[in-house]
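Next up, data.pdb (PDB, C-alpha atoms):
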```
ATOM      1  CA  MET O   1      31.506  58.227 107.009  1.00  0.00           C
ATOM      2  CA  THR O   2      30.323  61.693 105.991  1.00  0.00           C
ATOM      3  CA  SER O   3      29.157  64.359 108.406  1.00  0.00           C
ATOM      4  CA  ALA O   4      25.596  63.746 107.171  1.00  0.00           C
ATOM      5  CA  THR O   5      25.630  60.120 108.292  1.00  0.00           C
ATOM      6  CA  ARG O   6      28.003  60.354 111.267  1.00  0.00           C
ATOM      7  CA  ILE O   7      26.401  59.319 114.557  1.00  0.00           C
ATOM      8  CA  THR O   8      26.467  61.994 117.244  1.00  0.00           C
ATOM      9  CA  ILE O   9      25.182  62.054 120.789  1.00  0.00           C
ATOM     10  CA  ASN O  10      21.569  63.117 121.202  1.00  0.00           C
ATOM     11  CA  PRO O  11      18.780  61.826 123.458  1.00  0.00           C
ATOM     12  CA  MET O  12      18.083  58.871 121.147  1.00  0.00           C
ATOM     13  CA  THR O  13      21.704  57.769 120.675  1.00  0.00           C
ATOM     14  CA  LEU O  14      22.448  58.330 124.368  1.00  0.00           C
ATOM     15  CA  ALA O  15      19.670  55.874 125.197  1.00  0.00           C
ATOM     16  CA  GLN O  16      20.918  53.485 122.507  1.00  0.00           C
ATOM     17  CA  GLY O  17      24.457  53.568 123.844  1.00  0.00           C
ATOM     18  CA  THR O  18      23.298  53.169 127.422  1.00  0.00           C
ATOM     19  CA  ALA O  19      21.258  50.079 126.494  1.00  0.00           C
ATOM     20  CA  PHE O  20      24.288  48.571 124.743  1.00  0.00           C
ATOM     21  CA  LEU O  21      26.622  49.228 127.682  1.00  0.00           C
ATOM     22  CA  THR O  22      24.271  48.021 130.415  1.00  0.00           C
ATOM     23  CA  GLN O  23      23.636  44.782 128.545  1.00  0.00           C
ATOM     24  CA  LYS O  24      27.340  44.169 128.007  1.00  0.00           C
ATOM     25  CA  ASP O  25      28.849  45.348 131.318  1.00  0.00           C
ATOM     26  CA  PRO O  26      27.246  44.301 134.642  1.00  0.00           C
ATOM     27  CA  ILE O  27      29.037  47.084 136.542  1.00  0.00           C
ATOM     28  CA  LEU O  28      27.747  49.750 134.199  1.00  0.00           C
ATOM     29  CA  ALA O  29      24.312  48.176 134.572  1.00  0.00           C
ATOM     30  CA  GLN O  30      24.609  48.703 138.344  1.00  0.00           C
ATOM     31  CA  VAL O  31      25.776  52.275 137.755  1.00  0.00           C
ATOM     32  CA  TYR O  32      22.749  52.943 135.570  1.00  0.00           C
ATOM     33  CA  ALA O  33      20.427  51.434 138.163  1.00  0.00           C
ATOM     34  CA  GLN O  34      21.719  54.004 140.652  1.00  0.00           C
ATOM     35  CA  VAL O  35      22.017  57.150 138.539  1.00  0.00           C
ATOM     36  CA  GLN O  36      19.639  56.522 135.609  1.00  0.00           C
ATOM     37  CA  MET O  37      20.146  58.329 132.299  1.00  0.00           C
ATOM     38  CA  PRO O  38      23.025  60.837 132.495  1.00  0.00           C
ATOM     39  CA  PRO O  39      22.816  64.349 131.011  1.00  0.00           C
ATOM     40  CA  LEU O  40      23.942  64.965 127.446  1.00  0.00           C
ATOM     41  CA  TRP O  41      26.503  67.526 128.656  1.00  0.00           C
ATOM     42  CA  LEU O  42      26.757  68.998 125.172  1.00  0.00           C
ATOM     43  CA  ARG O  43      28.252  72.407 124.442  1.00  0.00           C
ATOM     44  CA  PRO O  44      28.119  74.534 121.296  1.00  0.00           C
ATOM     45  CA  PRO O  45      31.143  73.922 119.055  1.00  0.00           C
ATOM     46  CA  GLY O  46      33.492  76.809 118.445  1.00  0.00           C
ATOM     47  CA  LEU O  47      36.133  79.052 119.923  1.00  0.00           C
ATOM     48  CA  ALA O  48      34.330  79.952 123.156  1.00  0.00           C
ATOM     49  CA  THR O  49      33.829  76.329 124.178  1.00  0.00           C
ATOM     50  CA  LEU O  50      37.421  75.399 123.365  1.00  0.00           C
ATOM     51  CA  VAL O  51      38.720  78.348 125.393  1.00  0.00           C
ATOM     52  CA  GLN O  52      36.538  77.314 128.312  1.00  0.00           C
ATOM     53  CA  ILE O  53      37.843  73.740 128.154  1.00  0.00           C
ATOM     54  CA  ILE O  54      41.420  75.075 128.248  1.00  0.00           C
ATOM     55  CA  LEU O  55      40.494  77.069 131.351  1.00  0.00           C
ATOM     56  CA  GLU O  56      39.097  73.882 132.923  1.00  0.00           C
ATOM     57  CA  GLN O  57      42.451  72.106 132.739  1.00  0.00           C
ATOM     58  CA  GLN O  58      43.411  71.027 136.288  1.00  0.00           C
ATOM     59  CA  VAL O  59      40.942  73.345 138.065  1.00  0.00           C
ATOM     60  CA  SER O  60      37.358  72.992 139.258  1.00  0.00           C
ATOM     61  CA  LEU O  61      34.574  73.565 136.754  1.00  0.00           C
ATOM     62  CA  SER O  62      33.094  76.341 138.893  1.00  0.00           C
ATOM     63  CA  SER O  63      36.405  78.200 139.063  1.00  0.00           C
ATOM     64  CA  ALA O  64      36.937  77.868 135.311  1.00  0.00           C
ATOM     65  CA  ARG O  65      33.395  79.048 134.644  1.00  0.00           C
ATOM     66  CA  ALA O  66      33.901  82.185 136.732  1.00  0.00           C
ATOM     67  CA  ILE O  67      37.135  83.000 134.882  1.00  0.00           C
ATOM     68  CA  PHE O  68      35.503  82.345 131.523  1.00  0.00           C
ATOM     69  CA  ASN O  69      32.547  84.603 132.350  1.00  0.00           C
ATOM     70  CA  ARG O  70      34.906  87.476 133.133  1.00  0.00           C
ATOM     71  CA  LEU O  71      36.858  86.826 129.938  1.00  0.00           C
ATOM     72  CA  GLN O  72      33.690  86.661 127.874  1.00  0.00           C
ATOM     73  CA  ALA O  73      32.471  89.953 129.337  1.00  0.00           C
ATOM     74  CA  LEU O  74      35.650  91.677 128.111  1.00  0.00           C
ATOM     75  CA  CYS O  75      35.563  90.122 124.641  1.00  0.00           C
ATOM     76  CA  GLN O  76      32.485  91.370 122.833  1.00  0.00           C
ATOM     77  CA  PRO O  77      32.035  89.797 120.395  1.00  0.00           C
ATOM     78  CA  PHE O  78      33.980  86.749 121.581  1.00  0.00           C
ATOM     79  CA  SER O  79      36.536  86.211 118.828  1.00  0.00           C
ATOM     80  CA  ALA O  80      40.175  85.335 118.242  1.00  0.00           C
ATOM     81  CA  ASP O  81      40.938  88.958 117.365  1.00  0.00           C
ATOM     82  CA  GLN O  82      39.393  90.224 120.588  1.00  0.00           C
ATOM     83  CA  LEU O  83      41.339  87.715 122.668  1.00  0.00           C
ATOM     84  CA  LEU O  84      44.630  88.757 121.087  1.00  0.00           C
ATOM     85  CA  ALA O  85      43.803  92.409 121.761  1.00  0.00           C
ATOM     86  CA  LEU O  86      43.528  91.921 125.536  1.00  0.00           C
ATOM     87  CA  THR O  87      46.218  93.593 127.627  1.00  0.00           C
ATOM     88  CA  PRO O  88      48.256  91.748 130.294  1.00  0.00           C
ATOM     89  CA  GLU O  89      46.269  93.647 132.917  1.00  0.00           C
ATOM     90  CA  GLN O  90      42.957  92.471 131.468  1.00  0.00           C
ATOM     91  CA  TRP O  91      44.117  88.855 131.475  1.00  0.00           C
ATOM     92  CA  ARG O  92      45.148  89.286 135.099  1.00  0.00           C
ATOM     93  CA  ILE O  93      41.811  90.838 136.079  1.00  0.00           C
ATOM     94  CA  CYS O  94      40.003  87.861 134.533  1.00  0.00           C
ATOM     95  CA  GLY O  95      42.088  85.498 136.649  1.00  0.00           C
ATOM     96  CA  VAL O  96      43.689  83.680 133.720  1.00  0.00           C
ATOM     97  CA  SER O  97      47.047  82.181 134.662  1.00  0.00           C
ATOM     98  CA  ARG O  98      50.045  83.096 132.544  1.00  0.00           C
ATOM     99  CA  PRO O  99      50.394  79.581 131.024  1.00  0.00           C
ATOM    100  CA  LYS O 100      46.711  79.471 130.049  1.00  0.00           C
ATOM    101  CA  GLN O 101      46.907  82.974 128.624  1.00  0.00           C
ATOM    102  CA  ILE O 102      49.714  81.729 126.388  1.00  0.00           C
ATOM    103  CA  TYR O 103      47.720  78.640 125.382  1.00  0.00           C
ATOM    104  CA  ILE O 104      44.614  80.684 124.527  1.00  0.00           C
ATOM    105  CA  CYS O 105      46.695  83.158 122.526  1.00  0.00           C
ATOM    106  CA  HIS O 106      48.299  80.293 120.582  1.00  0.00           C
ATOM    107  CA  LEU O 107      44.802  79.031 119.802  1.00  0.00           C
ATOM    108  CA  ALA O 108      43.565  82.496 118.810  1.00  0.00           C
ATOM    109  CA  THR O 109      46.605  83.038 116.588  1.00  0.00           C
ATOM    110  CA  ALA O 110      46.035  79.698 114.833  1.00  0.00           C
ATOM    111  CA  VAL O 111      42.422  80.696 114.174  1.00  0.00           C
ATOM    112  CA  CYS O 112      43.391  84.163 112.899  1.00  0.00           C
ATOM    113  CA  GLU O 113      46.075  82.713 110.635  1.00  0.00           C
ATOM    114  CA  GLN O 114      43.589  80.102 109.362  1.00  0.00           C
ATOM    115  CA  ARG O 115      45.809  77.251 110.495  1.00  0.00           C
ATOM    116  CA  LEU O 116      42.804  75.964 112.446  1.00  0.00           C
ATOM    117  CA  ASP O 117      39.250  76.085 111.082  1.00  0.00           C
ATOM    118  CA  LEU O 118      36.974  75.219 113.991  1.00  0.00           C
ATOM    119  CA  ASP O 119      33.857  75.223 111.806  1.00  0.00           C
ATOM    120  CA  ALA O 120      35.371  72.588 109.514  1.00  0.00           C
ATOM    121  CA  LEU O 121      36.072  70.148 112.353  1.00  0.00           C
ATOM    122  CA  SER O 122      32.508  68.839 112.279  1.00  0.00           C
ATOM    123  CA  ASP O 123      33.267  67.309 108.865  1.00  0.00           C
ATOM    124  CA  CYS O 124      36.444  65.585 110.103  1.00  0.00           C
ATOM    125  CA  ASP O 125      36.708  62.160 111.673  1.00  0.00           C
ATOM    126  CA  ASP O 126      37.766  61.821 115.300  1.00  0.00           C
ATOM    127  CA  GLN O 127      41.451  61.268 114.566  1.00  0.00           C
ATOM    128  CA  GLN O 128      41.622  64.248 112.218  1.00  0.00           C
ATOM    129  CA  VAL O 129      40.004  66.496 114.832  1.00  0.00           C
ATOM    130  CA  TYR O 130      42.389  65.199 117.493  1.00  0.00           C
ATOM    131  CA  GLU O 131      45.443  65.780 115.327  1.00  0.00           C
ATOM    132  CA  GLN O 132      44.419  69.297 114.333  1.00  0.00           C
ATOM    133  CA  LEU O 133      43.660  70.372 117.882  1.00  0.00           C
ATOM    134  CA  THR O 134      46.736  68.861 119.512  1.00  0.00           C
ATOM    135  CA  ARG O 135      49.011  70.726 117.098  1.00  0.00           C
ATOM    136  CA  ILE O 136      48.152  73.830 119.103  1.00  0.00           C
ATOM    137  CA  ARG O 137      50.376  74.427 122.121  1.00  0.00           C
ATOM    138  CA  GLY O 138      48.389  73.918 125.309  1.00  0.00           C
ATOM    139  CA  ILE O 139      45.839  71.554 123.778  1.00  0.00           C
ATOM    140  CA  GLY O 140      46.649  68.026 124.868  1.00  0.00           C
ATOM    141  CA  ALA O 141      44.792  64.730 124.788  1.00  0.00           C
ATOM    142  CA  TRP O 142      42.274  65.616 127.514  1.00  0.00           C
ATOM    143  CA  THR O 143      41.319  68.983 125.999  1.00  0.00           C
ATOM    144  CA  ALA O 144      40.979  67.575 122.471  1.00  0.00           C
ATOM    145  CA  ASN O 145      38.926  64.604 123.635  1.00  0.00           C
ATOM    146  CA  ILE O 146      36.616  66.714 125.792  1.00  0.00           C
ATOM    147  CA  TYR O 147      35.987  68.934 122.751  1.00  0.00           C
ATOM    148  CA  LEU O 148      35.245  65.859 120.630  1.00  0.00           C
ATOM    149  CA  LEU O 149      32.962  64.436 123.298  1.00  0.00           C
ATOM    150  CA  MET O 150      31.054  67.553 124.387  1.00  0.00           C
ATOM    151  CA  ALA O 151      31.240  70.048 121.500  1.00  0.00           C
ATOM    152  CA  LEU O 152      31.134  67.653 118.553  1.00  0.00           C
ATOM    153  CA  GLY O 153      29.088  64.976 120.310  1.00  0.00           C
ATOM    154  CA  ARG O 154      31.210  62.066 119.124  1.00  0.00           C
ATOM    155  CA  PRO O 155      30.048  58.755 120.660  1.00  0.00           C
ATOM    156  CA  ASP O 156      33.299  56.795 120.891  1.00  0.00           C
ATOM    157  CA  VAL O 157      35.715  59.165 122.624  1.00  0.00           C
ATOM    158  CA  TRP O 158      37.355  58.519 125.988  1.00  0.00           C
ATOM    159  CA  PRO O 159      38.823  61.602 127.740  1.00  0.00           C
ATOM    160  CA  SER O 160      42.083  60.075 128.927  1.00  0.00           C
ATOM    161  CA  GLY O 161      43.509  61.790 131.973  1.00  0.00           C
ATOM    162  CA  ASP O 162      40.163  62.888 133.400  1.00  0.00           C
ATOM    163  CA  LEU O 163      40.690  62.570 137.149  1.00  0.00           C
ATOM    164  CA  ALA O 164      37.018  62.081 138.065  1.00  0.00           C
ATOM    165  CA  LEU O 165      36.641  59.265 135.545  1.00  0.00           C
ATOM    166  CA  GLU O 166      39.867  57.584 136.585  1.00  0.00           C
ATOM    167  CA  LEU O 167      38.901  57.681 140.255  1.00  0.00           C
ATOM    168  CA  THR O 168      35.436  56.294 139.489  1.00  0.00           C
ATOM    169  CA  VAL O 169      36.652  53.489 137.221  1.00  0.00           C
ATOM    170  CA  LYS O 170      39.362  52.418 139.686  1.00  0.00           C
ATOM    171  CA  LYS O 171      36.829  52.227 142.498  1.00  0.00           C
ATOM    172  CA  LEU O 172      34.113  50.406 140.562  1.00  0.00           C
ATOM    173  CA  TYR O 173      36.427  47.922 138.858  1.00  0.00           C
ATOM    174  CA  GLN O 174      38.848  47.546 141.797  1.00  0.00           C
ATOM    175  CA  LEU O 175      41.853  48.583 139.741  1.00  0.00           C
ATOM    176  CA  PRO O 176      45.287  49.424 141.167  1.00  0.00           C
ATOM    177  CA  GLU O 177      45.980  53.021 142.141  1.00  0.00           C
ATOM    178  CA  ARG O 178      48.826  53.300 139.651  1.00  0.00           C
ATOM    179  CA  LEU O 179      47.582  52.279 136.223  1.00  0.00           C
ATOM    180  CA  PRO O 180      49.777  52.834 133.134  1.00  0.00           C
ATOM    181  CA  ALA O 181      48.265  54.994 130.410  1.00  0.00           C
ATOM    182  CA  ARG O 182      48.245  52.087 127.970  1.00  0.00           C
ATOM    183  CA  ALA O 183      46.175  50.032 130.426  1.00  0.00           C
ATOM    184  CA  TRP O 184      43.282  52.477 130.054  1.00  0.00           C
ATOM    185  CA  LEU O 185      42.927  51.392 126.426  1.00  0.00           C
ATOM    186  CA  GLU O 186      42.305  47.834 127.618  1.00  0.00           C
ATOM    187  CA  VAL O 187      39.880  48.977 130.310  1.00  0.00           C
ATOM    188  CA  THR O 188      37.756  51.057 127.934  1.00  0.00           C
ATOM    189  CA  GLU O 189      38.006  48.817 124.857  1.00  0.00           C
ATOM    190  CA  PRO O 190      34.876  46.758 125.716  1.00  0.00           C
ATOM    191  CA  TRP O 191      32.812  49.959 125.728  1.00  0.00           C
ATOM    192  CA  ARG O 192      33.376  50.674 122.035  1.00  0.00           C
ATOM    193  CA  PRO O 193      31.623  52.137 120.069  1.00  0.00           C
ATOM    194  CA  TRP O 194      30.011  54.024 122.978  1.00  0.00           C
ATOM    195  CA  ARG O 195      32.921  55.081 125.178  1.00  0.00           C
ATOM    196  CA  ALA O 196      31.603  58.647 125.380  1.00  0.00           C
ATOM    197  CA  VAL O 197      28.326  57.288 126.757  1.00  0.00           C
ATOM    198  CA  ALA O 198      30.251  55.230 129.321  1.00  0.00           C
ATOM    199  CA  ALA O 199      32.064  58.428 130.308  1.00  0.00           C
ATOM    200  CA  ARG O 200      28.749  60.198 130.852  1.00  0.00           C
ATOM    201  CA  LEU O 201      27.409  57.363 133.005  1.00  0.00           C
ATOM    202  CA  LEU O 202      30.571  57.326 135.089  1.00  0.00           C
ATOM    203  CA  TRP O 203      30.662  61.117 135.481  1.00  0.00           C
ATOM    204  CA  GLN O 204      27.086  60.994 136.718  1.00  0.00           C
ATOM    205  CA  TYR O 205      28.026  58.263 139.197  1.00  0.00           C
ATOM    206  CA  TYR O 206      30.948  60.348 140.417  1.00  0.00           C
ATOM    207  CA  LEU O 207      28.740  63.404 140.932  1.00  0.00           C
ATOM    208  CA  GLN O 208      25.865  61.574 142.594  1.00  0.00           C
ATOM    209  CA  VAL O 209      27.656  58.885 144.594  1.00  0.00           C
ATOM    210  CA  LEU O 210      31.364  59.550 145.053  1.00  0.00           C
ATOM    211  CA  ARG O 211      31.750  63.292 145.335  1.00  0.00           C
TER     212      ARG O 211
END
```
Produce structure tokens that represent the structure in this file.
Amino acid sequence: MTSATRITINPMTLAQGTAFLTQKDPILAQVYAQVQMPPLWLRPPGLATLVQIILEQQVSLSSARAIFNRLQALCQPFSADQLLALTPEQWRICGVSRPKQIYICHLATAVCEQRLDLDALSDCDDQQVYEQLTRIRGIGAWTANIYLLMALGRPDVWPSGDLALELTVKKLYQLPERLPARAWLEVTEPWRPWRAVAARLLWQYYLQVLR
């Protein structure tokens, strides 16, 4: 499928995916009855969004946003070159941990050396995007899948390892506390080809009902 014909998430396809899921899955139908249509939660593709997603690894969204805002204020324009030019003191002032500083610098270096073309990812299929992103140190499955889901708007991506989603799914479907990673493929398989829409519904349920 070419980029011209590839389905992405927008208000129309979000509604289409929601209708499919609520007809197929009674629990998701109950979720929808409680929370209604979830937000699109789309972000602009590119370096800034990917850096922000790295900062969101294992911390609250509000904390990551505050760190990102400070980082963005120092990097004008926000670019790979500007990130690599930051001093250790500037990274510290922004509140970026040493591991995440290293991850962001690996990403910036890959962009500068043209080993990663973020603009070209929109023309790649999901697996190609995943493989290119996860070659970069510090970008694992969750980060790559969140980028696919939110920045590229792909409809059939499940962000494995997302704690809010795992907690919500376990509660709604009465799953055991310890669930092997491979079991999540079985859990989410019935939601294809709209797993990213299921994620949005479940995130909205977590925010409105569980949190």
Q.
Which residues, named as in the file, does the PyMOL selection byres ((chain O and resi 195) around 6) pick out? Answer as a ChimeraX atom specification.
A. /O:156-158,191-192,194,196-198
Q | Between atom CA of O:Leu28 and atom CA of O:Pro44, distance in Å (one decimal) | A | 27.9 Å
Please produce, as CSV, a per-residue contact table for stretch 26-55 of chain O versus stretch 124-141 of chain O (criterion: any atom at most 10 Å away, all atoms listed in the file considered), showing the nearest atom pair and its distance in Å to one decimal, sorted by chain then residue number.
```
residue,atom,partner,partner_atom,distance
O:Leu50,CA,O:Ile139,CA,9.3
O:Val51,CA,O:Ile139,CA,10.0
O:Ile53,CA,O:Ile139,CA,9.4
O:Ile54,CA,O:Ile139,CA,7.2
```
Q | Residues returned when the PyMOL selection byres ((chain O and resi 203-210) around 10) runs on this file, as a ChimeraX atom specification | A | /O:28,31-32,34-39,162,164-169,171,197-202,211
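What separates atom CA of O:Leu149 from atom CA of O:Ala73 is a distance of 26.2 Å.
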Considering all atoms listed in the file, return as a tab-separated table (two decimals) with C-alpha atoms, in the frame of the given file whatever protein or nucleic-acid residues lie within 12 Å of O:Asp117, sequence-local ones (same chain, fewer than 2 positions apart) excluded.
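To be explicit, this is the file written out as out.tsv:
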```tsv
chain	number	residue	atom	x	y	z
O	45	PRO	CA	31.14	73.92	119.06
O	46	GLY	CA	33.49	76.81	118.44
O	47	LEU	CA	36.13	79.05	119.92
O	80	ALA	CA	40.17	85.34	118.24
O	107	LEU	CA	44.80	79.03	119.80
O	108	ALA	CA	43.56	82.50	118.81
O	109	THR	CA	46.60	83.04	116.59
O	110	ALA	CA	46.04	79.70	114.83
O	111	VAL	CA	42.42	80.70	114.17
O	112	CYS	CA	43.39	84.16	112.90
O	113	GLU	CA	46.08	82.71	110.64
O	114	GLN	CA	43.59	80.10	109.36
O	115	ARG	CA	45.81	77.25	110.50
O	119	ASP	CA	33.86	75.22	111.81
O	120	ALA	CA	35.37	72.59	109.51
O	121	LEU	CA	36.07	70.15	112.35
O	122	SER	CA	32.51	68.84	112.28
O	123	ASP	CA	33.27	67.31	108.86
O	124	CYS	CA	36.44	65.58	110.10
O	129	VAL	CA	40.00	66.50	114.83
O	132	GLN	CA	44.42	69.30	114.33
O	133	LEU	CA	43.66	70.37	117.88
```
Q | Nearest to O:Asn10, chosen from O:Pro99, O:His106, O:Glu177, O:Leu40, with only C-alpha atoms counted in the distances | A |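 Of the candidates, the smallest distance to O:Asn10 is held by O:Leu40.
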Q) Which value, in Å to one decimal, gives the distance between atom CA of O:Leu42 and atom CA of O:Tyr147? A)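 Atom-to-atom, atom CA of O:Leu42 to atom CA of O:Tyr147, that is 9.5 Å.
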Excluding O:Gln52 and residues on its chain fewer than 3 positions from it, collect all residues at most 9 Å away from it, counting all atoms listed in the file, and give them as a PDB file with C-alpha atoms, keeping the file's coordinate frame.
```pdb
ATOM      1  CA  LEU O  47      36.133  79.052 119.923  1.00  0.00           C
ATOM      2  CA  ALA O  48      34.330  79.952 123.156  1.00  0.00           C
ATOM      3  CA  THR O  49      33.829  76.329 124.178  1.00  0.00           C
ATOM      4  CA  LEU O  55      40.494  77.069 131.351  1.00  0.00           C
ATOM      5  CA  GLU O  56      39.097  73.882 132.923  1.00  0.00           C
ATOM      6  CA  ALA O  64      36.937  77.868 135.311  1.00  0.00           C
ATOM      7  CA  ARG O  65      33.395  79.048 134.644  1.00  0.00           C
ATOM      8  CA  ILE O  67      37.135  83.000 134.882  1.00  0.00           C
ATOM      9  CA  PHE O  68      35.503  82.345 131.523  1.00  0.00           C
TER      10      PHE O  68
END
```
Residues at most 10 Å from O:Gln82, counting all atoms listed in the file, excluding those fewer than 5 positions away in the same chain, as a CSV table (one decimal) with C-alpha atoms, in the coordinates of the input?
```csv
chain,number,residue,atom,x,y,z
O,72,GLN,CA,33.7,86.7,127.9
O,74,LEU,CA,35.6,91.7,128.1
O,75,CYS,CA,35.6,90.1,124.6
O,76,GLN,CA,32.5,91.4,122.8
O,77,PRO,CA,32.0,89.8,120.4
O,108,ALA,CA,43.6,82.5,118.8
```
Using the file's own x, y and z axes, what box holds all listed atoms of stretch 140-145 of chain O with 6 Å on each side, keeping edges along x, y and z, and what are its centre and edge lengths in Å to one decimal, as lines of an AutoDock Vina configuration file?
```
center_x = 42.8
center_y = 66.8
center_z = 125.0
size_x = 19.7
size_y = 16.4
size_z = 17.0
```
**Q.** Nearest-residue call for O:Thr143, choices O:Pro159, O:Trp41, O:Leu86, O:Ser79, using all atoms listed in the file
**A.** O:Pro159
Q: Select, from O:Leu148, O:Leu71, O:Gln58, O:Asp81, the residue with the minimum atom-to-atom distance to O:Gly161, counting all atoms listed in the file.
A: O:Gln58
Q: Return the single residue from O:Pro176, O:Pro155, O:Pro88, O:Pro11 that is closest to O:Pro193, with distances computed using all atoms listed in the file.
A: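 The closest residue to O:Pro193 is O:Pro155.
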